[in-house]
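Visitor: Okay, handing you the structure first.
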Amino acid sequence: AERGDRWGNLTYRMAARNFGPVMATACKMTVASVHEIAALGELDPEQIVTPGIFVQHVVKIERQSTRAGGFKQG
């Protein structure tokens with residue numbers, strides 16, 4: 001996911017929204033990797049795609065540049 005809070009509410013960016021939410025709801029245990037952890041109440045409720053009830057753990061990972069011209073850390 002792009003962003004998540006400590007309760008497990010998740011927002012997505014671009015193609016990650018295709019399968020991420022479906023897999024999170026289908027699993028017995030979901031560990032979400034996010035690029036940014038938001039403070040509680042900071043995420044717009046209209047933008048939350050996966051509610052926290054489906055997520056047991058949230059792990060922050062850093063963005064990495066890709067050969068295809070993806071994100072670059074600055």
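How things are named: the first chain in the structure tokens is A, the next is B, and so on; residues count from 1 in each chain; ligands count from 1 in the order shown.
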For stretch 8-19 of chain A, find every residue with an atom within 9 Å (counting only C-alpha atoms), except residues of its own chain fewer than 5 positions away, and show them as a compact mmCIF listing (two decimals) with all heavy atoms, in the first residue's frame.

Guide:
```txt
# COMPACT_ATOMS: atom_id res chain seq x y z
N ALA A 1 0.84 -1.18 0.00
CA ALA A 1 0.00 0.00 0.00
C ALA A 1 0.88 1.24 0.00
O ALA A 1 2.06 1.19 0.36
CB ALA A 1 -0.92 0.00 1.22
N GLU A 2 0.30 2.35 -0.38
CA GLU A 2 1.04 3.61 -0.38
C GLU A 2 1.16 4.16 1.04
O GLU A 2 2.23 4.49 1.51
CB GLU A 2 0.33 4.62 -1.29
CG GLU A 2 0.99 5.97 -1.35
CD GLU A 2 2.34 5.95 -2.04
OE1 GLU A 2 2.65 5.01 -2.78
OE2 GLU A 2 3.11 6.89 -1.81
N ARG A 3 0.02 4.26 1.71
CA ARG A 3 0.00 4.79 3.08
C ARG A 3 -0.87 3.90 3.96
O ARG A 3 -1.80 3.28 3.49
CB ARG A 3 -0.57 6.21 3.10
CG ARG A 3 0.24 7.20 2.31
CD ARG A 3 -0.39 8.57 2.33
NE ARG A 3 -0.16 9.16 3.64
CZ ARG A 3 -0.90 10.14 4.14
NH1 ARG A 3 -1.92 10.62 3.47
NH2 ARG A 3 -0.64 10.64 5.32
N ALA A 24 -5.88 -8.83 0.70
CA ALA A 24 -5.95 -8.52 2.13
C ALA A 24 -7.25 -9.04 2.75
O ALA A 24 -7.27 -9.51 3.88
CB ALA A 24 -5.84 -7.01 2.36
N ALA A 32 0.79 -5.82 5.92
CA ALA A 32 0.81 -4.80 4.88
C ALA A 32 2.14 -4.06 4.90
O ALA A 32 2.58 -3.59 5.95
CB ALA A 32 -0.33 -3.82 5.09
N VAL A 34 3.91 -0.72 3.70
CA VAL A 34 3.52 0.62 3.28
C VAL A 34 4.76 1.49 3.12
O VAL A 34 5.79 1.22 3.73
CB VAL A 34 2.53 1.28 4.29
CG1 VAL A 34 1.26 0.48 4.40
CG2 VAL A 34 3.17 1.45 5.65
N LEU A 43 -5.57 9.94 7.51
CA LEU A 43 -6.05 9.41 6.23
C LEU A 43 -7.49 9.84 6.00
O LEU A 43 -8.32 9.74 6.89
CB LEU A 43 -5.97 7.89 6.20
CG LEU A 43 -4.58 7.27 6.27
CD1 LEU A 43 -4.68 5.76 6.33
CD2 LEU A 43 -3.73 7.70 5.10
N GLN A 47 -10.66 7.88 1.02
CA GLN A 47 -9.54 7.33 0.27
C GLN A 47 -9.11 5.95 0.77
O GLN A 47 -8.33 5.26 0.11
CB GLN A 47 -8.34 8.28 0.35
CG GLN A 47 -8.60 9.65 -0.24
CD GLN A 47 -8.85 9.58 -1.73
OE1 GLN A 47 -8.21 8.83 -2.44
NE2 GLN A 47 -9.81 10.35 -2.20
N ILE A 48 -9.60 5.53 1.93
CA ILE A 48 -9.22 4.23 2.49
C ILE A 48 -9.86 3.12 1.66
O ILE A 48 -11.08 3.09 1.48
CB ILE A 48 -9.63 4.12 3.97
CG1 ILE A 48 -8.81 5.10 4.80
CG2 ILE A 48 -9.44 2.69 4.47
CD1 ILE A 48 -9.24 5.21 6.24
N VAL A 49 -9.04 2.23 1.14
CA VAL A 49 -9.52 1.13 0.30
C VAL A 49 -9.64 -0.15 1.13
O VAL A 49 -10.62 -0.88 1.02
CB VAL A 49 -8.58 0.91 -0.90
CG1 VAL A 49 -9.06 -0.25 -1.75
CG2 VAL A 49 -8.47 2.18 -1.72
N THR A 50 -8.65 -0.42 1.97
CA THR A 50 -8.69 -1.60 2.83
C THR A 50 -8.85 -1.14 4.27
O THR A 50 -7.96 -0.49 4.82
CB THR A 50 -7.39 -2.42 2.70
OG1 THR A 50 -7.22 -2.79 1.33
CG2 THR A 50 -7.45 -3.67 3.55
N PRO A 51 -9.97 -1.47 4.91
CA PRO A 51 -10.15 -1.10 6.32
C PRO A 51 -9.24 -1.93 7.22
O PRO A 51 -8.88 -3.06 6.90
CB PRO A 51 -11.62 -1.41 6.60
CG PRO A 51 -12.23 -1.86 5.33
CD PRO A 51 -11.14 -2.08 4.34
N GLY A 52 -8.90 -1.37 8.34
CA GLY A 52 -7.98 -1.99 9.28
C GLY A 52 -8.43 -3.33 9.83
O GLY A 52 -7.61 -4.10 10.32
N ILE A 53 -9.69 -3.66 9.75
CA ILE A 53 -10.16 -4.94 10.28
C ILE A 53 -9.54 -6.13 9.54
O ILE A 53 -9.44 -7.22 10.08
CB ILE A 53 -11.70 -5.02 10.24
CG1 ILE A 53 -12.18 -6.22 11.02
CG2 ILE A 53 -12.21 -5.07 8.83
CD1 ILE A 53 -13.38 -6.00 11.84
N PHE A 54 -9.08 -5.91 8.32
CA PHE A 54 -8.48 -6.98 7.52
C PHE A 54 -6.96 -7.05 7.67
O PHE A 54 -6.34 -7.94 7.10
CB PHE A 54 -8.82 -6.78 6.03
CG PHE A 54 -10.28 -6.91 5.74
CD1 PHE A 54 -11.02 -5.79 5.40
CD2 PHE A 54 -10.92 -8.12 5.82
CE1 PHE A 54 -12.36 -5.89 5.13
CE2 PHE A 54 -12.27 -8.24 5.55
CZ PHE A 54 -12.99 -7.12 5.21
N VAL A 55 -6.35 -6.13 8.41
CA VAL A 55 -4.88 -6.04 8.50
C VAL A 55 -4.43 -6.28 9.94
O VAL A 55 -4.91 -5.63 10.87
CB VAL A 55 -4.40 -4.66 8.01
CG1 VAL A 55 -2.88 -4.55 8.10
CG2 VAL A 55 -4.87 -4.41 6.58
N GLN A 56 -3.49 -7.22 10.12
CA GLN A 56 -2.98 -7.51 11.46
C GLN A 56 -1.66 -6.80 11.76
O GLN A 56 -1.39 -6.47 12.90
CB GLN A 56 -2.78 -9.03 11.62
CG GLN A 56 -4.06 -9.81 11.80
CD GLN A 56 -4.90 -9.89 10.54
OE1 GLN A 56 -4.37 -10.01 9.44
NE2 GLN A 56 -6.21 -9.80 10.68
N HIS A 57 -0.84 -6.56 10.75
CA HIS A 57 0.46 -5.92 10.95
C HIS A 57 0.73 -4.94 9.82
O HIS A 57 0.39 -5.18 8.66
CB HIS A 57 1.60 -6.95 10.98
CG HIS A 57 1.45 -7.97 12.05
ND1 HIS A 57 1.73 -7.71 13.37
CD2 HIS A 57 1.04 -9.25 12.00
CE1 HIS A 57 1.50 -8.79 14.08
NE2 HIS A 57 1.08 -9.75 13.26
N VAL A 58 1.38 -3.81 10.17
CA VAL A 58 1.79 -2.81 9.19
C VAL A 58 3.29 -2.62 9.31
O VAL A 58 3.81 -2.39 10.41
CB VAL A 58 1.07 -1.46 9.41
CG1 VAL A 58 1.56 -0.42 8.43
CG2 VAL A 58 -0.44 -1.63 9.29
```

Visitor: From chain A, collect each residue whose DSSP state is strand (DSSP E or B) and return the set as a list in words.

Guide: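 Answer for chain A, restricted to strand (DSSP E or B): Arg3, Gly4, Asp5, Leu10, Thr11, Val31, Ala32, Ser33, Val34, Glu36, Ile37, Ala38, Thr50, His57, Val58, Val59 and Lys60 of chain A.
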
Visitor: So how many Å separate atom CA of A:Arg63 and atom CA of A:His35, to one decimal?

Guide: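 Separation between atom CA of A:Arg63 and atom CA of A:His35: 6.5 Å.
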
Visitor: Taking the DSSP assignment computed from this structure's backbone, write out as number ranges by chain all residues of chain A that belong to helix (DSSP H, G or I).

Guide: A: 14-17, 20-26, 52-54

Visitor: Include C-alpha atoms and write out the residues we just selected as a PDB file, in the first residue's frame.

Guide:
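The resulting file, selection_30.pdb, is shown below:
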```pdb
ATOM      1  CA  MET A  14      -1.981   3.218  -9.222  1.00  0.00           C
ATOM      2  CA  ALA A  15      -1.824  -0.496 -10.097  1.00  0.00           C
ATOM      3  CA  ALA A  16      -1.288  -1.614  -6.488  1.00  0.00           C
ATOM      4  CA  ARG A  17      -5.021  -1.122  -6.061  1.00  0.00           C
ATOM      5  CA  GLY A  20      -3.800  -5.622  -2.871  1.00  0.00           C
ATOM      6  CA  PRO A  21      -7.252  -5.004  -1.383  1.00  0.00           C
ATOM      7  CA  VAL A  22      -8.663  -8.310  -2.650  1.00  0.00           C
ATOM      8  CA  MET A  23      -5.776 -10.325  -1.211  1.00  0.00           C
ATOM      9  CA  ALA A  24      -5.954  -8.521   2.134  1.00  0.00           C
ATOM     10  CA  THR A  25      -9.617  -9.452   2.541  1.00  0.00           C
ATOM     11  CA  ALA A  26      -9.037 -13.080   1.466  1.00  0.00           C
ATOM     12  CA  GLY A  52      -7.981  -1.992   9.283  1.00  0.00           C
ATOM     13  CA  ILE A  53     -10.160  -4.943  10.276  1.00  0.00           C
ATOM     14  CA  PHE A  54      -8.478  -6.979   7.524  1.00  0.00           C
TER      15      PHE A  54
END
```

Visitor: Taking only C-alpha atoms into account, name the residue in A:Lys60, A:Ile37, A:Pro45, A:Met29 that is nearest to A:Asp5.

Guide: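 Among the listed residues, the smallest separation from A:Asp5 belongs to A:Ile37.
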
Visitor: Separation of atom CA of A:Gln64 and atom CA of A:Lys28, in Å?

Guide: 28.8 Å
